[in-house]
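Okay, so here's the structure we're looking at.
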Amino acid sequence: MMIFIFTYIRVLTDVLIYSIVAWSLISWFPIRVDNPALVILRYITQPLLSPLHRFKLRFGVFDLTPLVAILILIAIPYILSFLLF
């Protein structure tokens with residue numbers, strides 16, 4: 001049962017990481033925001049990125065918020081595996 005839960009969490013974090021990468025790449029281009037795929041992608045990523053935007057994680061003109069979110073998502077399965085196994 002624990003393996004199933006751990007696998008589910010790992011797949012969920014992978015999907016979130018890919019969503020953040022896709023949103024970051026798409027944000028570089030002037031694309032219509034009312035596209036249904038972009039609406040879903042924004043719906044997935046913004047709850048993760050919005051709290052991190054409060055910390056003003058910028059390096060010049062680069063926004064490091066997606067990078068920090070990805071690092072946190074990568075760390076979650078490792079922390080859980082350390083605590084659970």
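Chain labels run A, B, ... following the order of the structure tokens; each chain numbers its residues from 1, and ligands are numbered from 1 in the order shown.
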
(message) I'd like the contact shell of Thr65 in chain A - 12 Å cut-off, only C-alpha atoms, skipping same-chain residues fewer than 4 positions apart - returned as a list in words.
(response) Ile20, Val21, Trp23, Ser24, Thr45, Gln46, Leu48, Leu49, Ser50, Pro51, Leu52, His53, Arg54, Phe55, Lys56, Leu57, Arg58, Phe59, Ala69, Ile70, Leu71 and Ile72 of chain A

Could you pull out the residues in range 52-83 of chain A that DSSP calls strand (DSSP E or B) from the backbone, as a tab-separated table (two decimals) with N, CA and C atoms, in the first residue's frame?
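File written: selection_6.tsv
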chain	number	residue	atom	x	y	z
A	58	ARG	N	13.79	36.98	-8.13
A	58	ARG	CA	14.24	37.45	-9.44
A	58	ARG	C	15.76	37.60	-9.44
A	59	PHE	N	16.31	37.30	-10.61
A	59	PHE	CA	17.74	37.52	-10.84
A	59	PHE	C	17.84	38.35	-12.11
A	62	PHE	N	15.19	37.74	-14.96
A	62	PHE	CA	14.75	36.35	-14.90
A	62	PHE	C	13.98	36.07	-13.62
A	63	ASP	N	12.84	35.42	-13.78
A	63	ASP	CA	12.02	35.02	-12.65
A	63	ASP	C	12.42	33.59	-12.26

(request) Find the residues near Phe6 in chain A: any atom within 8 Å, counting only C-alpha atoms, skip ones fewer than 6 places away on the same chain, and give them as a ChimeraX atom specification. (result) /A:77,80-81

Suppose we keep all heavy atoms; can you now write the selection as a CSV table (one decimal), in the first residue's frame?
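The resulting file, out.csv, is reproduced below:
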chain,number,residue,atom,x,y,z
A,77,PRO,N,9.3,13.8,-3.0
A,77,PRO,CA,9.4,12.3,-2.9
A,77,PRO,C,10.6,11.8,-2.1
A,77,PRO,O,10.5,10.8,-1.4
A,77,PRO,CB,9.5,11.9,-4.4
A,77,PRO,CG,9.0,13.0,-5.2
A,77,PRO,CD,9.3,14.2,-4.4
A,80,LEU,N,9.7,12.2,1.6
A,80,LEU,CA,8.7,11.2,1.9
A,80,LEU,C,9.3,9.8,2.0
A,80,LEU,O,9.0,9.1,2.9
A,80,LEU,CB,7.5,11.3,1.0
A,80,LEU,CG,6.6,12.5,1.1
A,80,LEU,CD1,5.5,12.4,0.1
A,80,LEU,CD2,6.0,12.6,2.5
A,81,SER,N,10.2,9.5,1.1
A,81,SER,CA,10.8,8.2,1.1
A,81,SER,C,11.7,8.1,2.4
A,81,SER,O,11.8,7.0,3.0
A,81,SER,CB,11.6,7.9,-0.1
A,81,SER,OG,12.7,8.8,-0.2

Backbone DSSP call of helix (DSSP H, G or I) for chain A, listed as a PDB file with N, CA and C atoms, in the first residue's frame:
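Contents of result12.pdb, as written:
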ATOM      1  N   MET A   2       1.934   1.261   0.771  1.00  0.00           N
ATOM      2  CA  MET A   2       2.808   2.439   0.823  1.00  0.00           C
ATOM      3  C   MET A   2       3.504   2.671  -0.518  1.00  0.00           C
ATOM      4  N   ILE A   3       3.824   1.586  -1.213  1.00  0.00           N
ATOM      5  CA  ILE A   3       4.464   1.734  -2.519  1.00  0.00           C
ATOM      6  C   ILE A   3       3.498   2.407  -3.492  1.00  0.00           C
ATOM      7  N   PHE A   4       2.223   2.040  -3.430  1.00  0.00           N
ATOM      8  CA  PHE A   4       1.223   2.651  -4.295  1.00  0.00           C
ATOM      9  C   PHE A   4       1.110   4.153  -4.014  1.00  0.00           C
ATOM     10  N   ILE A   5       1.059   4.515  -2.759  1.00  0.00           N
ATOM     11  CA  ILE A   5       0.951   5.931  -2.382  1.00  0.00           C
ATOM     12  C   ILE A   5       2.190   6.692  -2.826  1.00  0.00           C
ATOM     13  N   PHE A   6       3.352   6.107  -2.599  1.00  0.00           N
ATOM     14  CA  PHE A   6       4.600   6.760  -2.994  1.00  0.00           C
ATOM     15  C   PHE A   6       4.666   6.923  -4.514  1.00  0.00           C
ATOM     16  N   THR A   7       4.243   5.908  -5.260  1.00  0.00           N
ATOM     17  CA  THR A   7       4.234   5.989  -6.722  1.00  0.00           C
ATOM     18  C   THR A   7       3.263   7.062  -7.197  1.00  0.00           C
ATOM     19  N   TYR A   8       2.103   7.154  -6.559  1.00  0.00           N
ATOM     20  CA  TYR A   8       1.120   8.178  -6.903  1.00  0.00           C
ATOM     21  C   TYR A   8       1.697   9.577  -6.672  1.00  0.00           C
ATOM     22  N   ILE A   9       2.348   9.770  -5.556  1.00  0.00           N
ATOM     23  CA  ILE A   9       2.946  11.077  -5.252  1.00  0.00           C
ATOM     24  C   ILE A   9       4.050  11.396  -6.253  1.00  0.00           C
ATOM     25  N   ARG A  10       4.842  10.397  -6.621  1.00  0.00           N
ATOM     26  CA  ARG A  10       5.919  10.612  -7.577  1.00  0.00           C
ATOM     27  C   ARG A  10       5.370  11.011  -8.952  1.00  0.00           C
ATOM     28  N   VAL A  11       4.321  10.326  -9.399  1.00  0.00           N
ATOM     29  CA  VAL A  11       3.708  10.655 -10.695  1.00  0.00           C
ATOM     30  C   VAL A  11       3.086  12.054 -10.643  1.00  0.00           C
ATOM     31  N   LEU A  12       2.431  12.382  -9.546  1.00  0.00           N
ATOM     32  CA  LEU A  12       1.830  13.701  -9.397  1.00  0.00           C
ATOM     33  C   LEU A  12       2.882  14.806  -9.440  1.00  0.00           C
ATOM     34  N   THR A  13       3.996  14.608  -8.749  1.00  0.00           N
ATOM     35  CA  THR A  13       5.049  15.626  -8.778  1.00  0.00           C
ATOM     36  C   THR A  13       5.673  15.736 -10.166  1.00  0.00           C
ATOM     37  N   ASP A  14       5.805  14.616 -10.872  1.00  0.00           N
ATOM     38  CA  ASP A  14       6.338  14.676 -12.240  1.00  0.00           C
ATOM     39  C   ASP A  14       5.413  15.456 -13.162  1.00  0.00           C
ATOM     40  N   VAL A  15       4.118  15.227 -13.047  1.00  0.00           N
ATOM     41  CA  VAL A  15       3.150  15.972 -13.873  1.00  0.00           C
ATOM     42  C   VAL A  15       3.216  17.464 -13.556  1.00  0.00           C
ATOM     43  N   LEU A  16       3.337  17.798 -12.284  1.00  0.00           N
ATOM     44  CA  LEU A  16       3.432  19.209 -11.898  1.00  0.00           C
ATOM     45  C   LEU A  16       4.721  19.840 -12.414  1.00  0.00           C
ATOM     46  N   ILE A  17       5.812  19.107 -12.367  1.00  0.00           N
ATOM     47  CA  ILE A  17       7.081  19.631 -12.879  1.00  0.00           C
ATOM     48  C   ILE A  17       6.973  19.906 -14.374  1.00  0.00           C
ATOM     49  N   TYR A  18       6.426  18.945 -15.130  1.00  0.00           N
ATOM     50  CA  TYR A  18       6.276  19.152 -16.573  1.00  0.00           C
ATOM     51  C   TYR A  18       5.327  20.304 -16.870  1.00  0.00           C
ATOM     52  N   SER A  19       4.308  20.471 -16.064  1.00  0.00           N
ATOM     53  CA  SER A  19       3.370  21.581 -16.257  1.00  0.00           C
ATOM     54  C   SER A  19       4.055  22.919 -16.013  1.00  0.00           C
ATOM     55  N   ILE A  20       4.873  22.994 -14.987  1.00  0.00           N
ATOM     56  CA  ILE A  20       5.585  24.246 -14.701  1.00  0.00           C
ATOM     57  C   ILE A  20       6.572  24.567 -15.813  1.00  0.00           C
ATOM     58  N   VAL A  21       7.278  23.558 -16.312  1.00  0.00           N
ATOM     59  CA  VAL A  21       8.217  23.785 -17.418  1.00  0.00           C
ATOM     60  C   VAL A  21       7.464  24.272 -18.653  1.00  0.00           C
ATOM     61  N   ALA A  22       6.341  23.628 -18.963  1.00  0.00           N
ATOM     62  CA  ALA A  22       5.553  24.045 -20.127  1.00  0.00           C
ATOM     63  C   ALA A  22       5.033  25.466 -19.958  1.00  0.00           C
ATOM     64  N   TRP A  23       4.519  25.793 -18.768  1.00  0.00           N
ATOM     65  CA  TRP A  23       4.004  27.146 -18.528  1.00  0.00           C
ATOM     66  C   TRP A  23       5.125  28.186 -18.637  1.00  0.00           C
ATOM     67  N   SER A  24       6.303  27.844 -18.142  1.00  0.00           N
ATOM     68  CA  SER A  24       7.425  28.779 -18.212  1.00  0.00           C
ATOM     69  C   SER A  24       7.848  29.033 -19.654  1.00  0.00           C
ATOM     70  N   LEU A  25       7.897  27.984 -20.445  1.00  0.00           N
ATOM     71  CA  LEU A  25       8.274  28.158 -21.851  1.00  0.00           C
ATOM     72  C   LEU A  25       7.208  28.917 -22.628  1.00  0.00           C
ATOM     73  N   ILE A  26       5.945  28.618 -22.377  1.00  0.00           N
ATOM     74  CA  ILE A  26       4.856  29.297 -23.081  1.00  0.00           C
ATOM     75  C   ILE A  26       4.785  30.771 -22.702  1.00  0.00           C
ATOM     76  N   PRO A  36      -7.971  26.891 -24.444  1.00  0.00           N
ATOM     77  CA  PRO A  36      -8.374  25.961 -23.378  1.00  0.00           C
ATOM     78  C   PRO A  36      -7.207  25.191 -22.756  1.00  0.00           C
ATOM     79  N   ALA A  37      -6.220  24.837 -23.561  1.00  0.00           N
ATOM     80  CA  ALA A  37      -5.058  24.124 -23.019  1.00  0.00           C
ATOM     81  C   ALA A  37      -4.270  25.021 -22.067  1.00  0.00           C
ATOM     82  N   LEU A  38      -4.145  26.294 -22.413  1.00  0.00           N
ATOM     83  CA  LEU A  38      -3.431  27.224 -21.542  1.00  0.00           C
ATOM     84  C   LEU A  38      -4.214  27.528 -20.275  1.00  0.00           C
ATOM     85  N   VAL A  39      -5.525  27.538 -20.374  1.00  0.00           N
ATOM     86  CA  VAL A  39      -6.354  27.762 -19.187  1.00  0.00           C
ATOM     87  C   VAL A  39      -6.152  26.617 -18.200  1.00  0.00           C
ATOM     88  N   ILE A  40      -6.144  25.389 -18.698  1.00  0.00           N
ATOM     89  CA  ILE A  40      -5.916  24.222 -17.826  1.00  0.00           C
ATOM     90  C   ILE A  40      -4.514  24.254 -17.248  1.00  0.00           C
ATOM     91  N   LEU A  41      -3.525  24.578 -18.079  1.00  0.00           N
ATOM     92  CA  LEU A  41      -2.146  24.641 -17.601  1.00  0.00           C
ATOM     93  C   LEU A  41      -1.980  25.716 -16.537  1.00  0.00           C
ATOM     94  N   ARG A  42      -2.613  26.849 -16.734  1.00  0.00           N
ATOM     95  CA  ARG A  42      -2.546  27.907 -15.724  1.00  0.00           C
ATOM     96  C   ARG A  42      -3.265  27.494 -14.449  1.00  0.00           C
ATOM     97  N   TYR A  43      -4.381  26.804 -14.588  1.00  0.00           N
ATOM     98  CA  TYR A  43      -5.138  26.311 -13.434  1.00  0.00           C
ATOM     99  C   TYR A  43      -4.304  25.333 -12.609  1.00  0.00           C
ATOM    100  N   ILE A  44      -3.449  24.555 -13.269  1.00  0.00           N
ATOM    101  CA  ILE A  44      -2.594  23.591 -12.582  1.00  0.00           C
ATOM    102  C   ILE A  44      -1.401  24.280 -11.916  1.00  0.00           C
ATOM    103  N   THR A  45      -0.774  25.212 -12.596  1.00  0.00           N
ATOM    104  CA  THR A  45       0.496  25.763 -12.113  1.00  0.00           C
ATOM    105  C   THR A  45       0.364  26.934 -11.147  1.00  0.00           C
ATOM    106  N   GLN A  46      -0.655  27.752 -11.292  1.00  0.00           N
ATOM    107  CA  GLN A  46      -0.715  28.963 -10.484  1.00  0.00           C
ATOM    108  C   GLN A  46      -0.869  28.728  -8.980  1.00  0.00           C
ATOM    109  N   PRO A  47      -1.582  27.690  -8.518  1.00  0.00           N
ATOM    110  CA  PRO A  47      -1.589  27.462  -7.066  1.00  0.00           C
ATOM    111  C   PRO A  47      -0.207  27.149  -6.495  1.00  0.00           C
ATOM    112  N   LEU A  48       0.686  26.637  -7.326  1.00  0.00           N
ATOM    113  CA  LEU A  48       2.051  26.362  -6.869  1.00  0.00           C
ATOM    114  C   LEU A  48       2.947  27.584  -6.971  1.00  0.00           C
ATOM    115  N   LEU A  49       2.757  28.354  -8.020  1.00  0.00           N
ATOM    116  CA  LEU A  49       3.660  29.483  -8.267  1.00  0.00           C
ATOM    117  C   LEU A  49       3.245  30.765  -7.555  1.00  0.00           C
ATOM    118  N   SER A  50       1.966  30.959  -7.326  1.00  0.00           N
ATOM    119  CA  SER A  50       1.498  32.211  -6.716  1.00  0.00           C
ATOM    120  C   SER A  50       2.069  32.461  -5.323  1.00  0.00           C
ATOM    121  N   PRO A  51       2.094  31.478  -4.430  1.00  0.00           N
ATOM    122  CA  PRO A  51       2.695  31.759  -3.108  1.00  0.00           C
ATOM    123  C   PRO A  51       4.190  32.085  -3.190  1.00  0.00           C
ATOM    124  N   LEU A  52       4.877  31.498  -4.157  1.00  0.00           N
ATOM    125  CA  LEU A  52       6.317  31.770  -4.295  1.00  0.00           C
ATOM    126  C   LEU A  52       6.588  33.134  -4.915  1.00  0.00           C
ATOM    127  N   HIS A  53       5.642  33.684  -5.660  1.00  0.00           N
ATOM    128  CA  HIS A  53       5.829  35.009  -6.267  1.00  0.00           C
ATOM    129  C   HIS A  53       5.916  36.103  -5.215  1.00  0.00           C
ATOM    130  N   THR A  65      11.100  31.828  -9.817  1.00  0.00           N
ATOM    131  CA  THR A  65      10.017  31.158  -9.103  1.00  0.00           C
ATOM    132  C   THR A  65       9.753  29.753  -9.640  1.00  0.00           C
ATOM    133  N   PRO A  66       9.688  29.531 -10.965  1.00  0.00           N
ATOM    134  CA  PRO A  66       9.483  28.159 -11.439  1.00  0.00           C
ATOM    135  C   PRO A  66      10.610  27.218 -11.040  1.00  0.00           C
ATOM    136  N   LEU A  67      11.831  27.707 -11.041  1.00  0.00           N
ATOM    137  CA  LEU A  67      12.958  26.870 -10.649  1.00  0.00           C
ATOM    138  C   LEU A  67      12.845  26.444  -9.189  1.00  0.00           C
ATOM    139  N   VAL A  68      12.486  27.376  -8.323  1.00  0.00           N
ATOM    140  CA  VAL A  68      12.320  27.056  -6.905  1.00  0.00           C
ATOM    141  C   VAL A  68      11.170  26.071  -6.713  1.00  0.00           C
ATOM    142  N   ALA A  69      10.081  26.263  -7.444  1.00  0.00           N
ATOM    143  CA  ALA A  69       8.947  25.338  -7.344  1.00  0.00           C
ATOM    144  C   ALA A  69       9.343  23.941  -7.806  1.00  0.00           C
ATOM    145  N   ILE A  70      10.112  23.844  -8.873  1.00  0.00           N
ATOM    146  CA  ILE A  70      10.560  22.544  -9.367  1.00  0.00           C
ATOM    147  C   ILE A  70      11.489  21.880  -8.359  1.00  0.00           C
ATOM    148  N   LEU A  71      12.383  22.639  -7.759  1.00  0.00           N
ATOM    149  CA  LEU A  71      13.279  22.067  -6.749  1.00  0.00           C
ATOM    150  C   LEU A  71      12.502  21.545  -5.542  1.00  0.00           C
ATOM    151  N   ILE A  72      11.480  22.263  -5.144  1.00  0.00           N
ATOM    152  CA  ILE A  72      10.638  21.802  -4.034  1.00  0.00           C
ATOM    153  C   ILE A  72       9.905  20.523  -4.428  1.00  0.00           C
ATOM    154  N   LEU A  73       9.374  20.486  -5.650  1.00  0.00           N
ATOM    155  CA  LEU A  73       8.661  19.288  -6.098  1.00  0.00           C
ATOM    156  C   LEU A  73       9.589  18.084  -6.247  1.00  0.00           C
ATOM    157  N   ILE A  74      10.823  18.309  -6.631  1.00  0.00           N
ATOM    158  CA  ILE A  74      11.791  17.215  -6.710  1.00  0.00           C
ATOM    159  C   ILE A  74      12.117  16.685  -5.322  1.00  0.00           C
ATOM    160  N   ALA A  75      12.171  17.571  -4.340  1.00  0.00           N
ATOM    161  CA  ALA A  75      12.540  17.172  -2.986  1.00  0.00           C
ATOM    162  C   ALA A  75      11.439  16.407  -2.259  1.00  0.00           C
ATOM    163  N   ILE A  76      10.195  16.630  -2.618  1.00  0.00           N
ATOM    164  CA  ILE A  76       9.076  16.011  -1.889  1.00  0.00           C
ATOM    165  C   ILE A  76       9.153  14.481  -1.872  1.00  0.00           C
ATOM    166  N   PRO A  77       9.332  13.786  -3.001  1.00  0.00           N
ATOM    167  CA  PRO A  77       9.405  12.322  -2.920  1.00  0.00           C
ATOM    168  C   PRO A  77      10.600  11.820  -2.111  1.00  0.00           C
ATOM    169  N   TYR A  78      11.723  12.528  -2.188  1.00  0.00           N
ATOM    170  CA  TYR A  78      12.886  12.102  -1.424  1.00  0.00           C
ATOM    171  C   TYR A  78      12.651  12.255   0.081  1.00  0.00           C
ATOM    172  N   ILE A  79      12.019  13.336   0.455  1.00  0.00           N
ATOM    173  CA  ILE A  79      11.720  13.545   1.879  1.00  0.00           C
ATOM    174  C   ILE A  79      10.722  12.504   2.360  1.00  0.00           C
ATOM    175  N   LEU A  80       9.701  12.238   1.564  1.00  0.00           N
ATOM    176  CA  LEU A  80       8.713  11.226   1.948  1.00  0.00           C
ATOM    177  C   LEU A  80       9.311   9.829   2.018  1.00  0.00           C
ATOM    178  N   SER A  81      10.190   9.512   1.094  1.00  0.00           N
ATOM    179  CA  SER A  81      10.813   8.184   1.140  1.00  0.00           C
ATOM    180  C   SER A  81      11.715   8.057   2.366  1.00  0.00           C
ATOM    181  N   PHE A  82      12.348   9.137   2.752  1.00  0.00           N
ATOM    182  CA  PHE A  82      13.175   9.111   3.956  1.00  0.00           C
ATOM    183  C   PHE A  82      12.325   8.931   5.209  1.00  0.00           C
ATOM    184  N   LEU A  83      11.159   9.595   5.238  1.00  0.00           N
ATOM    185  CA  LEU A  83      10.294   9.519   6.416  1.00  0.00           C
ATOM    186  C   LEU A  83       9.504   8.216   6.480  1.00  0.00           C
ATOM    187  N   LEU A  84       9.116   7.673   5.321  1.00  0.00           N
ATOM    188  CA  LEU A  84       8.244   6.506   5.317  1.00  0.00           C
ATOM    189  C   LEU A  84       8.977   5.172   5.277  1.00  0.00           C
TER     190      LEU A  84
END
